[in-house]
file work-v2.cif (mmCIF, C-alpha atoms)
data_final
#
loop_
_atom_site.label_atom_id
_atom_site.label_comp_id
_atom_site.auth_asym_id
_atom_site.auth_seq_id
_atom_site.Cartn_x
_atom_site.Cartn_y
_atom_site.Cartn_z
CA MET R 722 95.35 79.87 86.30
CA SER R 723 93.33 77.21 88.10
CA THR R 724 90.83 75.20 86.07
CA ALA R 725 87.84 73.10 87.04
CA ALA R 726 89.78 69.93 86.24
CA ASP R 727 92.39 70.80 88.88
CA VAL R 728 89.92 70.92 91.77
CA ASN R 729 88.97 68.08 94.14
CA VAL R 730 90.89 65.49 92.12
CA HIS R 731 93.01 64.25 95.03
CA LEU R 732 90.37 64.31 97.76
CA ASP R 733 88.93 61.11 99.21
CA HIS R 734 85.26 60.68 98.32
CA ASP R 735 84.45 59.33 101.80
CA TYR R 736 85.60 62.68 103.16
CA LEU R 737 83.46 64.62 100.69
CA ARG R 738 80.36 62.59 101.58
CA GLU R 739 80.64 63.70 105.20
CA PHE R 740 79.48 67.23 104.37
CA ALA R 741 76.23 68.75 103.13
CA GLU R 742 76.61 72.54 103.10
CA PRO R 743 75.20 74.50 100.11
CA ALA R 744 77.47 74.61 97.07
CA GLY R 745 77.67 78.40 97.32
CA TYR R 746 78.91 78.49 100.89
CA LEU R 747 82.14 80.52 100.81
CA ASP R 748 82.38 81.64 104.42
CA PHE R 749 84.50 79.08 106.26
CA ALA R 750 86.59 81.89 107.70
CA ARG R 751 83.47 82.77 109.69
CA VAL R 752 82.07 79.34 110.55
CA GLY R 753 82.57 75.89 109.09
CA PRO R 754 79.50 73.66 108.68
CA VAL R 755 80.11 70.45 110.63
CA SER R 756 80.47 66.98 109.19
CA ASP R 757 78.07 64.09 109.66
CA VAL R 758 80.44 62.43 112.14
CA VAL R 759 80.71 65.60 114.22
CA ALA R 760 76.92 66.04 114.19
CA ARG R 761 76.46 62.43 115.29
CA THR R 762 79.04 62.83 118.04
CA LEU R 763 77.21 65.87 119.41
CA ALA R 764 73.78 64.21 119.17
CA ASP R 765 74.95 60.92 120.71
CA GLY R 766 76.71 62.80 123.48
CA ALA R 767 73.62 64.85 124.35
CA LEU R 768 71.54 61.66 124.47
CA ALA R 769 74.11 59.97 126.71
CA LEU R 770 74.05 62.91 129.12
CA ARG R 771 70.27 62.62 129.24
CA THR R 772 70.03 58.86 129.75
CA ASP R 773 73.36 57.73 131.23
CA PRO R 774 75.22 60.73 132.65
CA ALA R 775 77.78 58.79 134.66
CA GLY R 776 78.62 56.37 131.86
CA GLY R 777 78.55 59.16 129.30
CA LEU R 778 80.96 61.26 131.33
CA ALA R 779 83.38 58.35 131.61
CA ARG R 780 83.25 57.79 127.85
CA PHE R 781 83.78 61.48 127.13
CA GLN R 782 86.78 61.61 129.44
CA ALA R 783 88.31 58.63 127.65
CA ARG R 784 87.65 60.30 124.29
CA THR R 785 89.43 63.41 125.54
CA GLU R 786 92.63 61.40 125.79
CA ALA R 787 92.07 60.11 122.25
CA THR R 788 91.46 63.63 121.00
CA ALA R 789 94.70 64.79 122.61
CA ALA R 790 96.52 62.04 120.73
CA SER R 791 94.91 63.05 117.43
CA ALA R 792 95.63 66.72 118.06
CA ALA R 793 99.24 65.85 118.86
CA THR R 794 99.52 64.13 115.49
CA LEU R 795 98.07 67.19 113.74
CA LEU R 796 100.37 69.57 115.63
CA ARG R 797 103.39 67.25 115.58
CA ALA R 798 103.61 67.41 119.33
CA ALA R 799 103.53 65.12 122.35
CA PRO R 800 100.00 64.51 123.71
CA HIS R 801 100.84 66.16 127.05
CA GLU R 802 101.82 69.33 125.14
CA VAL R 803 98.16 69.71 124.10
CA ALA R 804 95.28 70.77 126.34
CA PHE R 805 91.71 71.90 125.71
CA VAL R 806 90.20 75.28 126.48
CA THR R 807 86.96 76.90 125.41
CA SER R 808 88.14 79.08 122.52
CA THR R 809 91.10 80.56 120.69
CA SER R 810 90.67 83.71 122.78
CA HIS R 811 90.82 81.64 125.97
CA GLY R 812 94.07 80.03 124.83
CA LEU R 813 95.67 83.34 123.94
CA PHE R 814 94.58 84.90 127.24
CA ALA R 815 96.23 81.94 128.96
CA ALA R 816 99.42 82.63 127.02
CA ALA R 817 99.36 86.35 127.82
CA ALA R 818 98.73 85.68 131.50
CA ALA R 819 101.58 83.17 131.66
CA LEU R 820 104.15 85.38 129.94
CA GLY R 821 104.74 87.71 132.86
CA GLY R 822 107.65 90.05 133.39
CA ASP R 823 109.28 92.93 131.58
CA GLY R 824 110.01 93.20 127.92
CA VAL R 825 108.04 93.48 124.69
CA VAL R 826 105.65 91.30 122.71
CA LEU R 827 105.40 92.13 119.02
CA VAL R 828 101.80 92.31 117.75
CA PRO R 829 100.98 93.04 114.09
CA ARG R 830 98.46 95.85 113.79
CA GLY R 831 95.28 94.58 112.20
CA GLU R 832 95.40 91.19 113.93
CA PHE R 833 92.01 89.68 114.72
CA PRO R 834 90.89 90.94 118.17
CA SER R 835 91.40 87.53 119.79
CA ASN R 836 95.14 88.07 119.34
CA VAL R 837 95.15 91.71 120.46
CA HIS R 838 93.10 92.09 123.62
CA PRO R 839 94.95 89.47 125.72
CA TRP R 840 98.23 91.32 125.26
CA LEU R 841 96.71 94.74 125.90
CA ARG R 842 95.06 93.50 129.10
CA PHE R 843 98.14 91.88 130.57
CA GLN R 844 100.66 94.58 129.72
CA ASP R 845 98.99 96.49 132.57
CA ARG R 846 99.01 93.41 134.82
CA GLY R 847 102.67 92.54 134.95
CA GLY R 848 103.11 91.27 131.40
CA PRO R 849 105.29 92.46 128.53
CA ARG R 850 104.46 95.70 126.73
CA VAL R 851 102.76 95.61 123.34
CA ARG R 852 104.85 96.91 120.46
CA TRP R 853 102.83 97.25 117.26
CA ILE R 854 104.08 96.05 113.88
CA ASP R 855 102.68 98.33 111.18
CA GLU R 856 103.80 96.34 108.15
CA PRO R 857 100.81 95.00 106.15
CA ARG R 858 102.70 91.76 105.49
CA LEU R 859 105.38 90.73 107.94
CA THR R 860 108.32 88.89 106.39
CA PRO R 861 111.32 87.25 108.07
CA GLU R 862 113.54 90.09 106.85
CA LEU R 863 111.24 92.73 108.32
CA LEU R 864 110.98 90.77 111.57
CA ALA R 865 114.76 90.63 111.90
CA GLY R 866 114.89 94.41 111.76
CA LEU R 867 112.36 94.72 114.57
CA LEU R 868 114.23 92.63 117.11
CA ASP R 869 116.13 94.10 120.02
CA ARG R 870 117.05 92.91 123.50
CA ASP R 871 113.57 93.80 124.84
CA VAL R 872 111.60 91.57 122.47
CA ARG R 873 110.47 88.39 124.19
CA ALA R 874 107.82 87.12 121.81
CA LEU R 875 106.00 87.52 118.52
CA THR R 876 102.29 86.69 118.44
CA ILE R 877 100.75 86.32 115.00
CA SER R 878 97.95 84.68 113.05
CA ALA R 879 98.98 81.69 110.99
CA VAL R 880 96.69 83.07 108.28
CA ASP R 881 95.44 86.66 108.31
CA ALA R 882 91.66 86.82 108.56
CA LEU R 883 91.32 89.54 105.91
CA THR R 884 94.26 89.34 103.52
CA GLY R 885 94.70 85.56 103.63
CA TYR R 886 98.46 85.94 104.10
CA ARG R 887 99.95 82.68 105.35
CA ALA R 888 102.72 83.50 107.80
CA PRO R 889 106.05 81.69 107.25
CA LEU R 890 106.09 80.33 110.78
CA GLY R 891 109.24 78.27 110.35
CA ALA R 892 111.22 81.24 109.04
CA PHE R 893 109.83 83.46 111.81
CA LYS R 894 110.96 81.01 114.47
CA GLU R 895 114.40 80.79 112.93
CA VAL R 896 114.72 84.59 113.08
CA LEU R 897 113.39 84.74 116.64
CA GLY R 898 115.73 82.02 117.83
CA PRO R 899 115.30 79.72 120.82
CA ASP R 900 115.15 82.50 123.41
CA ARG R 901 112.10 84.30 122.01
CA LEU R 902 108.63 82.78 121.80
CA LEU R 903 106.53 82.36 118.67
CA ILE R 904 102.87 82.44 119.71
CA VAL R 905 100.38 81.51 117.00
CA ASP R 906 96.67 82.12 116.54
CA ALA R 907 95.98 79.23 114.14
CA MET R 908 92.24 79.83 113.84
CA GLN R 909 92.25 80.75 110.14
CA GLY R 910 94.85 78.22 109.05
CA LEU R 911 94.63 74.92 110.89
CA GLY R 912 92.44 72.57 108.88
CA ALA R 913 92.61 74.70 105.72
CA VAL R 914 96.24 74.62 104.59
CA PRO R 915 99.47 73.01 105.82
CA LEU R 916 101.25 75.06 108.48
CA ASP R 917 104.75 74.95 109.97
CA VAL R 918 103.22 73.94 113.28
CA GLU R 919 106.55 72.66 114.64
CA ALA R 920 107.73 76.27 114.77
CA ALA R 921 105.00 77.38 117.20
CA ASP R 922 106.03 77.50 120.85
CA VAL R 923 102.44 78.25 121.88
CA LEU R 924 99.41 77.79 119.62
CA ALA R 925 95.67 78.25 120.09
CA CYS R 926 92.91 77.20 117.71
CA GLY R 927 89.17 76.72 118.09
CA GLY R 928 87.21 74.08 116.23
CA GLN R 929 84.37 76.09 114.70
CA LYS R 930 85.94 77.24 111.45
CA TRP R 931 88.27 75.20 109.26
CA LEU R 932 88.29 72.21 111.63
CA ARG R 933 84.49 72.08 111.21
CA SER R 934 83.81 70.84 114.73
CA GLY R 935 81.50 73.44 116.25
CA TRP R 936 81.99 75.70 119.24
CA GLY R 937 83.05 75.01 122.80
CA ALA R 938 86.50 73.45 122.47
CA ALA R 939 89.87 74.75 121.31
CA LEU R 940 93.41 73.42 121.18
CA LEU R 941 96.08 74.92 123.40
CA LEU R 942 99.61 73.84 122.51
CA VAL R 943 102.48 74.60 124.89
CA ARG R 944 105.80 73.06 123.85
CA ASP R 945 108.02 71.52 126.49
CA ARG R 946 110.93 73.55 125.16
CA ILE R 947 109.45 76.80 126.54
CA ALA R 948 107.33 75.53 129.44
CA ASP R 949 109.80 76.74 132.06
CA ARG R 950 109.48 80.30 130.77
CA LEU R 951 105.78 80.54 131.53
CA GLY R 952 104.20 81.28 134.90
CA PRO R 953 100.94 79.81 136.24
CA GLY R 954 98.89 82.50 134.50
CA LEU R 955 95.26 81.42 134.31
CA GLY R 956 96.06 77.92 135.55
CA GLY R 957 93.34 76.71 137.89
CA TRP R 958 92.46 73.56 139.75
CA SER R 959 92.37 71.38 136.62
CA GLY R 960 96.08 71.96 136.13
CA ARG R 961 97.23 71.02 139.65
CA ARG R 962 98.51 67.72 140.99
CA ASP R 963 96.42 68.14 144.12
CA PRO R 964 93.70 70.72 143.44
CA PHE R 965 92.29 70.45 146.98
CA ALA R 966 95.58 71.14 148.74
CA ALA R 967 95.23 74.92 148.76
CA ALA R 968 92.06 74.86 150.84
CA ARG R 969 91.71 71.33 152.19
CA ARG R 970 89.29 70.95 155.08
CA ARG R 971 90.70 69.94 158.44
CA PRO R 972 89.56 66.46 159.50
CA TYR R 973 86.11 66.20 161.12
CA THR R 974 85.11 64.24 164.20
CA ALA R 975 81.82 62.40 164.25
CA ASP R 976 80.09 65.35 165.92
CA GLY R 977 81.18 67.74 163.16
CA ASN R 978 84.04 69.41 165.03
CA THR R 979 87.45 69.71 163.43
CA THR R 980 90.61 68.17 164.79
CA ALA R 981 94.22 69.17 164.43
CA ASP R 982 95.31 68.53 160.88
CA THR R 983 97.83 65.71 161.08
CA THR R 984 97.33 64.49 157.51
CA ARG R 985 98.78 67.35 155.48
CA ARG R 986 100.14 66.17 152.20
CA PRO R 987 103.62 66.98 150.91
CA PRO R 988 103.83 70.40 149.27
CA GLN R 989 104.95 68.93 145.94
CA GLU R 990 101.48 67.44 145.45
CA ASP R 991 100.15 70.95 144.84
CA GLU R 992 102.53 71.62 141.97
CA PRO R 993 101.26 72.19 138.44
CA LEU R 994 100.72 69.15 136.28
CA PRO R 995 103.25 68.75 133.49
CA GLY R 996 102.33 69.96 130.05
CA ALA R 997 99.77 72.32 128.60
CA VAL R 998 97.05 71.29 131.05
CA ALA R 999 98.82 73.43 133.68
CA HIS R 1000 97.39 76.47 131.87
CA THR R 1001 93.74 75.36 131.99
CA MET R 1002 91.29 76.84 134.47
CA THR R 1003 88.86 73.95 134.71
CA ASN R 1004 87.78 70.81 132.92
CA PRO R 1005 86.84 71.30 129.27
CA ASP R 1006 83.44 70.68 127.73
CA PHE R 1007 84.01 66.97 127.17
CA LEU R 1008 81.29 66.73 124.54
CA ALA R 1009 82.77 69.63 122.57
CA VAL R 1010 86.21 68.04 122.85
CA ALA R 1011 84.81 64.77 121.47
CA ALA R 1012 83.35 66.68 118.52
CA LEU R 1013 86.69 68.41 117.97
CA GLY R 1014 88.40 65.02 118.00
CA ALA R 1015 85.97 63.70 115.40
CA GLY R 1016 86.72 66.69 113.19
CA ILE R 1017 90.48 66.28 113.56
CA ASP R 1018 90.32 62.56 112.83
CA LEU R 1019 88.33 63.23 109.67
CA LEU R 1020 90.90 65.79 108.54
CA LEU R 1021 93.76 63.38 109.23
CA SER R 1022 91.99 60.61 107.32
CA ALA R 1023 91.68 62.85 104.25
CA GLY R 1024 95.21 64.16 104.64
CA VAL R 1025 96.21 67.69 105.59
CA GLU R 1026 98.20 68.10 102.37
CA SER R 1027 95.34 66.87 100.16
CA VAL R 1028 92.82 69.14 101.85
CA GLY R 1029 95.23 72.07 101.59
CA ARG R 1030 95.91 71.51 97.88
CA THR R 1031 92.20 71.41 97.16
CA VAL R 1032 91.50 74.57 99.17
CA THR R 1033 94.32 76.37 97.35
CA ARG R 1034 93.09 75.30 93.91
CA THR R 1035 89.48 76.16 94.64
CA LEU R 1036 90.37 79.59 95.98
CA GLY R 1037 92.66 80.14 92.99
CA LEU R 1038 89.79 79.40 90.62
CA LEU R 1039 87.50 81.82 92.47
CA LEU R 1040 90.11 84.59 92.50
CA ASP R 1041 90.75 84.08 88.79
CA THR R 1042 87.01 84.58 88.30
CA VAL R 1043 87.17 87.82 90.31
CA ARG R 1044 90.08 89.10 88.24
CA ALA R 1045 88.29 88.27 85.00
CA ALA R 1046 85.37 90.39 86.19
CA GLY R 1047 87.68 93.36 86.81
CA GLY R 1048 87.96 92.90 90.57
CA ASP R 1049 90.93 93.93 92.70
CA VAL R 1050 92.29 91.18 94.96
CA LEU R 1051 93.82 92.24 98.26
CA LEU R 1052 97.55 91.39 98.34
CA ASP R 1053 97.21 90.00 94.84
CA GLY R 1054 100.93 89.29 94.61
CA LEU R 1055 100.79 86.41 97.09
CA THR R 1056 101.86 83.04 95.72
CA PRO R 1057 99.76 79.93 96.50
CA ASP R 1058 102.25 79.01 99.23
CA GLU R 1059 101.87 82.47 100.78
CA ARG R 1060 98.07 82.40 100.87
CA GLY R 1061 95.76 80.44 103.11
CA GLY R 1062 92.14 79.67 102.29
CA ILE R 1063 91.11 83.34 102.28
CA GLY R 1064 90.97 85.89 99.47
CA SER R 1065 89.36 89.33 99.66
CA PHE R 1066 88.37 91.53 96.76
CA ARG R 1067 86.36 94.52 95.64
CA LEU R 1068 85.00 95.84 92.36
CA PRO R 1069 86.33 99.33 91.63
CA GLY R 1070 83.63 101.97 91.92
CA THR R 1071 81.14 99.56 93.50
CA ASP R 1072 79.94 99.47 97.10
CA PRO R 1073 81.15 96.18 98.67
CA ALA R 1074 77.77 95.85 100.37
CA GLN R 1075 76.14 95.89 96.94
CA VAL R 1076 78.49 93.18 95.71
CA HIS R 1077 77.83 91.13 98.84
CA ALA R 1078 74.07 91.43 98.31
CA ALA R 1079 74.36 90.38 94.68
CA LEU R 1080 76.40 87.34 95.65
CA ALA R 1081 73.84 86.42 98.30
CA ALA R 1082 71.05 86.68 95.71
CA ALA R 1083 73.04 84.23 93.58
CA GLY R 1084 73.25 81.75 96.46
CA LEU R 1085 76.81 82.61 97.50
CA THR R 1086 77.56 83.15 101.19
CA THR R 1087 80.42 85.57 101.85
CA THR R 1088 81.47 88.18 104.42
CA VAL R 1089 82.24 91.90 104.05
CA ARG R 1090 85.20 92.96 106.17
CA ASP R 1091 86.84 96.41 106.18
CA GLY R 1092 85.45 97.31 102.76
CA TRP R 1093 86.45 94.02 101.11
CA VAL R 1094 84.33 91.01 100.16
CA ARG R 1095 85.95 87.92 101.65
CA LEU R 1096 85.89 84.52 99.95
CA SER R 1097 86.85 81.48 102.03
CA PRO R 1098 86.05 78.10 100.43
CA HIS R 1099 86.93 74.71 101.82
CA ALA R 1100 87.97 71.47 100.17
CA THR R 1101 84.31 70.50 99.79
CA THR R 1102 83.45 73.61 97.77
CA PRO R 1103 82.62 72.47 94.20
CA HIS R 1104 84.50 74.09 91.32
CA THR R 1105 81.17 74.92 89.71
CA THR R 1106 80.74 77.65 92.35
CA ALA R 1107 82.88 79.82 90.07
CA GLU R 1108 80.01 79.98 87.57
CA PRO R 1109 77.41 81.79 89.72
CA LEU R 1110 80.25 83.96 91.07
CA ALA R 1111 81.14 85.06 87.55
CA SER R 1112 77.50 85.66 86.64
CA ALA R 1113 76.80 87.72 89.78
CA LEU R 1114 79.90 89.86 89.28
CA ARG R 1115 79.00 90.50 85.65
CA GLY R 1116 75.54 91.56 86.76
CA VAL R 1117 76.94 94.06 89.27
CA ARG R 1118 79.51 95.39 86.83
CA ASP R 1119 77.01 95.85 83.98
CA ARG R 1120 74.45 97.80 86.01
#
call {"tool": "encode", "arguments": {"input": "work-v2.cif", "output": "C-alpha cells"}}
result
Amino acid sequence: MSTAADVNVHLDHDYLREFAEPAGYLDFARVGPVSDVVARTLADGALALRTDPAGGLARFQARTEATAASAATLLRAAPHEVAFVTSTSHGLFAAAAALGGDGVVLVPRGEFPSNVHPWLRFQDRGGPRVRWIDEPRLTPELLAGLLDRDVRALTISAVDALTGYRAPLGAFKEVLGPDRLLIVDAMQGLGAVPLDVEAADVLACGGQKWLRSGWGAALLLVRDRIADRLGPGLGGWSGRRDPFAAARRRPYTADGNTTADTTRRPPQEDEPLPGAVAHTMTNPDFLAVAALGAGIDLLLSAGVESVGRTVTRTLGLLLDTVRAAGGDVLLDGLTPDERGGIGSFRLPGTDPAQVHAALAAAGLTTTVRDGWVRLSPHATTPHTTAEPLASALRGVRDR
C-alpha cells in the first residue's frame, strides 16, 4: 500500500514550483496543464511574432534544432531520427501511409482512435490489412501466438488510455524480431512513466498531455534501422532535398518570356532528406515546437525515473483509496511496473456519472470513459488529494 510519506519525496522542488494546477486535478490523460516555462515560451513567442517576425522566426528555427536534440535524449535516438508533426494522429497517419504493400498490421481492439483510423484508411489505399487483437491485455506470449508470415507490424499504445496497462515494449520487439515493425502511440506514457523507447521502430507523441506542453506539436520518431522499409507516404516538400525541383519554373527573360531550361539540377537533389523529416508534409509550428522543447527539458531536468516513481506512488495511493471505499479497479491485478499513470474504477451499483459528479463537487477533476471513472495524476499531484477522494466516495456510497 502506498502512503503519504512515499509520495513526492524524490522530486526536485524547482520542478514542482513550475506548476500551478488545482490540487484536485486528476485528468492528465486528457490534458496536462502547462508549466510556467512553457507558458512563458508561448507568450514570448507570440510577442516576437508581433514585433519582430523575421528575428522571431530565426530564433524559433534554431530552437527547433535544440528541441530535436532534447527529444533525441528522451527517446534515446539520434536527432535526425526525430521530426515534428502537428499531433499524434498526424504521426500515425504518416506511419500508415509509409507502410505500403501487402501483409497485416496487428491492432489491439479498443485502442484510442488515433491508433485505429490511420490503419483502417490505408488498408484500402495500398497498405497492410488490419488484423484485430481481441485480448484485453496483450502479453509477449500472446503476441507470439499471433504471428505468421503475413504480419509486418504491431501498432500499440505504450499505455492504454482506459486500463492504464503499460505495454512491455522491449519484450514485444524481441518477439517481433528485426523484420517486423513495432509502432508506438506514446501519448499516454511519455512523460508519465519510463518506457522502453529503444524498442520502438516508429513512435508518435503529442505534447498536450503528460509532456505538459500544449497543442500544436508532436514527436515523430523513425529509427534508421527501419527507414528503408518505409515509402514516402505523406512526405511533402519539407522532407525533400530540393522541394522546388518537381515543379521548378523555366528561366525567364527580362520581358517575362521563358527560355529553354538549361539549368536543371541533378535528379538526386530531389531525393528525400535523411531521417524522420522525410515523413513530414510541411514545416512545423515553430512556436509549438519551442514549447514542446521547454516541456521536454523540464522533464529531463527532473528526471524521467523520478517523475515516473512519483506518478506511480501517487496513483497507487489513489487506487488504495478507491479500494478502501469498495470500488472495483479495472485490471486490478497489474503490478506498478505494468501500469502507467492511469487507473479506472467504478463503485458497484452506482452510476459512474453520479460518482464523477460527486468528485467534481469535491474539487476533483476526472473523466468518465466507457462506464469507468478514470484517474490520471501527475508527479505534481499532492498526496493530500486522497483525502477529498475518500470523502467523496464515502458520500456516494452512503447515500
call {"tool": "closest_residue", "arguments": {"input": "work-v2.cif", "among": "R:Ala1082, R:Ala789, R:Leu1013, R:Ala1113", "to": "R:Ala760", "atoms": "only C-alpha atoms"}}
result
R:Leu1013
call {"tool": "atom_distance", "arguments": {"input": "work-v2.cif", "atom1": "atom CA of R:Ala1107", "atom2": "atom CA of R:Arg1034"}}
result
11.8 Å
call {"tool": "closest_residue", "arguments": {"input": "work-v2.cif", "among": "R:Glu742, R:Asp1006, R:Glu1026, R:Asp963", "to": "R:Pro915", "atoms": "only C-alpha atoms"}}
result
R:Glu1026
call {"tool": "resolve_selection", "arguments": {"input": "work-v2.cif", "expression": "the PyMOL selection byres ((chain R and resi 797-805) around 7)", "output": "MDAnalysis selection string"}}
result
chainID R and resid 789:790 793:796 806:807 919 938:945 996:998 1005
call {"tool": "residues_around", "arguments": {"input": "work-v2.cif", "residues": "R:Asp765", "least_positions_apart": "3", "cutoff": "12 Å", "atoms": "all atoms listed in the file", "output": "PyMOL selection string"}}
result
chain R and resi 757-762+768-774+777+780-781+1008-1009+1011-1012
call {"tool": "resolve_selection", "arguments": {"input": "work-v2.cif", "expression": "the PyMOL selection byres ((chain R and resi 890) around 10)", "output": "list in words"}}
result
Thr860, Pro861, Ile877, Ser878, Ala879, Arg887, Ala888, Pro889, Gly891, Ala892, Phe893, Lys894, Glu895, Val896, Leu903, Ile904, Val905, Leu916, Asp917, Val918, Glu919, Ala920 and Ala921 of chain R
call {"tool": "residues_near_point", "arguments": {"input": "work-v2.cif", "point": "(84.0, 95.3, 103.3)", "cutoff": "10 Å", "atoms": "only C-alpha atoms", "output": "PDB file with C-alpha atoms, keeping the file's coordinate frame"}}
result
ATOM      1  CA  LEU R 883      91.320  89.540 105.910  1.00  0.00           C
ATOM      2  CA  SER R1065      89.360  89.330  99.660  1.00  0.00           C
ATOM      3  CA  PHE R1066      88.370  91.530  96.760  1.00  0.00           C
ATOM      4  CA  ARG R1067      86.360  94.520  95.640  1.00  0.00           C
ATOM      5  CA  ASP R1072      79.940  99.470  97.100  1.00  0.00           C
ATOM      6  CA  PRO R1073      81.150  96.180  98.670  1.00  0.00           C
ATOM      7  CA  ALA R1074      77.770  95.850 100.370  1.00  0.00           C
ATOM      8  CA  VAL R1076      78.490  93.180  95.710  1.00  0.00           C
ATOM      9  CA  HIS R1077      77.830  91.130  98.840  1.00  0.00           C
ATOM     10  CA  THR R1088      81.470  88.180 104.420  1.00  0.00           C
ATOM     11  CA  VAL R1089      82.240  91.900 104.050  1.00  0.00           C
ATOM     12  CA  ARG R1090      85.200  92.960 106.170  1.00  0.00           C
ATOM     13  CA  ASP R1091      86.840  96.410 106.180  1.00  0.00           C
ATOM     14  CA  GLY R1092      85.450  97.310 102.760  1.00  0.00           C
ATOM     15  CA  TRP R1093      86.450  94.020 101.110  1.00  0.00           C
ATOM     16  CA  VAL R1094      84.330  91.010 100.160  1.00  0.00           C
ATOM     17  CA  ARG R1095      85.950  87.920 101.650  1.00  0.00           C
TER      18      ARG R1095
END
call {"tool": "residues_around", "arguments": {"input": "work-v2.cif", "residues": "stretch 831-835 of chain R", "least_positions_apart": "4", "cutoff": "8 Å", "atoms": "all atoms listed in the file", "output": "VMD selection string"}}
result
chain R and resid 809 to 810 813 839 877 to 878 881 to 882
call {"tool": "residues_around", "arguments": {"input": "work-v2.cif", "residues": "R:Arg873", "least_positions_apart": "4", "cutoff": "8 Å", "atoms": "only C-alpha atoms", "output": "ChimeraX atom specification"}}
result
/R:824-826,849,900-902
call {"tool": "build_atoms", "arguments": {"input": "work-v2.cif", "residues": "stretch 806-812 of chain R", "atoms": "all heavy atoms", "output": "PDB file, in the frame of the given file"}}
result
ATOM      1  N   VAL R 806      90.835  74.119 125.867  1.00  0.00           N
ATOM      2  CA  VAL R 806      90.200  75.280 126.480  1.00  0.00           C
ATOM      3  C   VAL R 806      88.931  75.576 125.689  1.00  0.00           C
ATOM      4  O   VAL R 806      88.553  74.821 124.793  1.00  0.00           O
ATOM      5  CB  VAL R 806      91.157  76.485 126.503  1.00  0.00           C
ATOM      6  CG1 VAL R 806      92.288  76.245 127.496  1.00  0.00           C
ATOM      7  CG2 VAL R 806      91.736  76.773 125.124  1.00  0.00           C
ATOM      8  N   THR R 807      88.265  76.665 126.012  1.00  0.00           N
ATOM      9  CA  THR R 807      86.960  76.900 125.410  1.00  0.00           C
ATOM     10  C   THR R 807      87.025  77.554 124.036  1.00  0.00           C
ATOM     11  O   THR R 807      86.091  77.400 123.240  1.00  0.00           O
ATOM     12  CB  THR R 807      86.102  77.793 126.321  1.00  0.00           C
ATOM     13  OG1 THR R 807      86.793  79.032 126.538  1.00  0.00           O
ATOM     14  CG2 THR R 807      85.840  77.112 127.652  1.00  0.00           C
ATOM     15  N   SER R 808      88.088  78.296 123.753  1.00  0.00           N
ATOM     16  CA  SER R 808      88.140  79.080 122.520  1.00  0.00           C
ATOM     17  C   SER R 808      89.578  79.495 122.230  1.00  0.00           C
ATOM     18  O   SER R 808      90.460  79.399 123.101  1.00  0.00           O
ATOM     19  CB  SER R 808      87.273  80.329 122.647  1.00  0.00           C
ATOM     20  OG  SER R 808      87.795  81.185 123.659  1.00  0.00           O
ATOM     21  N   THR R 809      89.795  79.993 121.027  1.00  0.00           N
ATOM     22  CA  THR R 809      91.100  80.560 120.690  1.00  0.00           C
ATOM     23  C   THR R 809      91.427  81.715 121.625  1.00  0.00           C
ATOM     24  O   THR R 809      92.562  81.840 122.103  1.00  0.00           O
ATOM     25  CB  THR R 809      91.098  81.050 119.227  1.00  0.00           C
ATOM     26  OG1 THR R 809      90.701  79.977 118.371  1.00  0.00           O
ATOM     27  CG2 THR R 809      92.469  81.552 118.818  1.00  0.00           C
ATOM     28  N   SER R 810      90.445  82.578 121.877  1.00  0.00           N
ATOM     29  CA  SER R 810      90.670  83.710 122.780  1.00  0.00           C
ATOM     30  C   SER R 810      91.108  83.236 124.154  1.00  0.00           C
ATOM     31  O   SER R 810      92.027  83.802 124.759  1.00  0.00           O
ATOM     32  CB  SER R 810      89.393  84.554 122.900  1.00  0.00           C
ATOM     33  OG  SER R 810      89.107  85.206 121.683  1.00  0.00           O
ATOM     34  N   HIS R 811      90.462  82.198 124.662  1.00  0.00           N
ATOM     35  CA  HIS R 811      90.820  81.640 125.970  1.00  0.00           C
ATOM     36  C   HIS R 811      92.288  81.193 125.957  1.00  0.00           C
ATOM     37  O   HIS R 811      93.063  81.506 126.881  1.00  0.00           O
ATOM     38  CB  HIS R 811      89.895  80.469 126.280  1.00  0.00           C
ATOM     39  CG  HIS R 811      90.096  79.847 127.613  1.00  0.00           C
ATOM     40  ND1 HIS R 811      89.196  78.951 128.153  1.00  0.00           N
ATOM     41  CD2 HIS R 811      91.095  79.937 128.534  1.00  0.00           C
ATOM     42  CE1 HIS R 811      89.630  78.543 129.337  1.00  0.00           C
ATOM     43  NE2 HIS R 811      90.783  79.128 129.581  1.00  0.00           N
ATOM     44  N   GLY R 812      92.689  80.490 124.900  1.00  0.00           N
ATOM     45  CA  GLY R 812      94.070  80.030 124.830  1.00  0.00           C
ATOM     46  C   GLY R 812      95.066  81.157 124.783  1.00  0.00           C
ATOM     47  O   GLY R 812      96.126  81.108 125.422  1.00  0.00           O
TER      48      GLY R 812
END
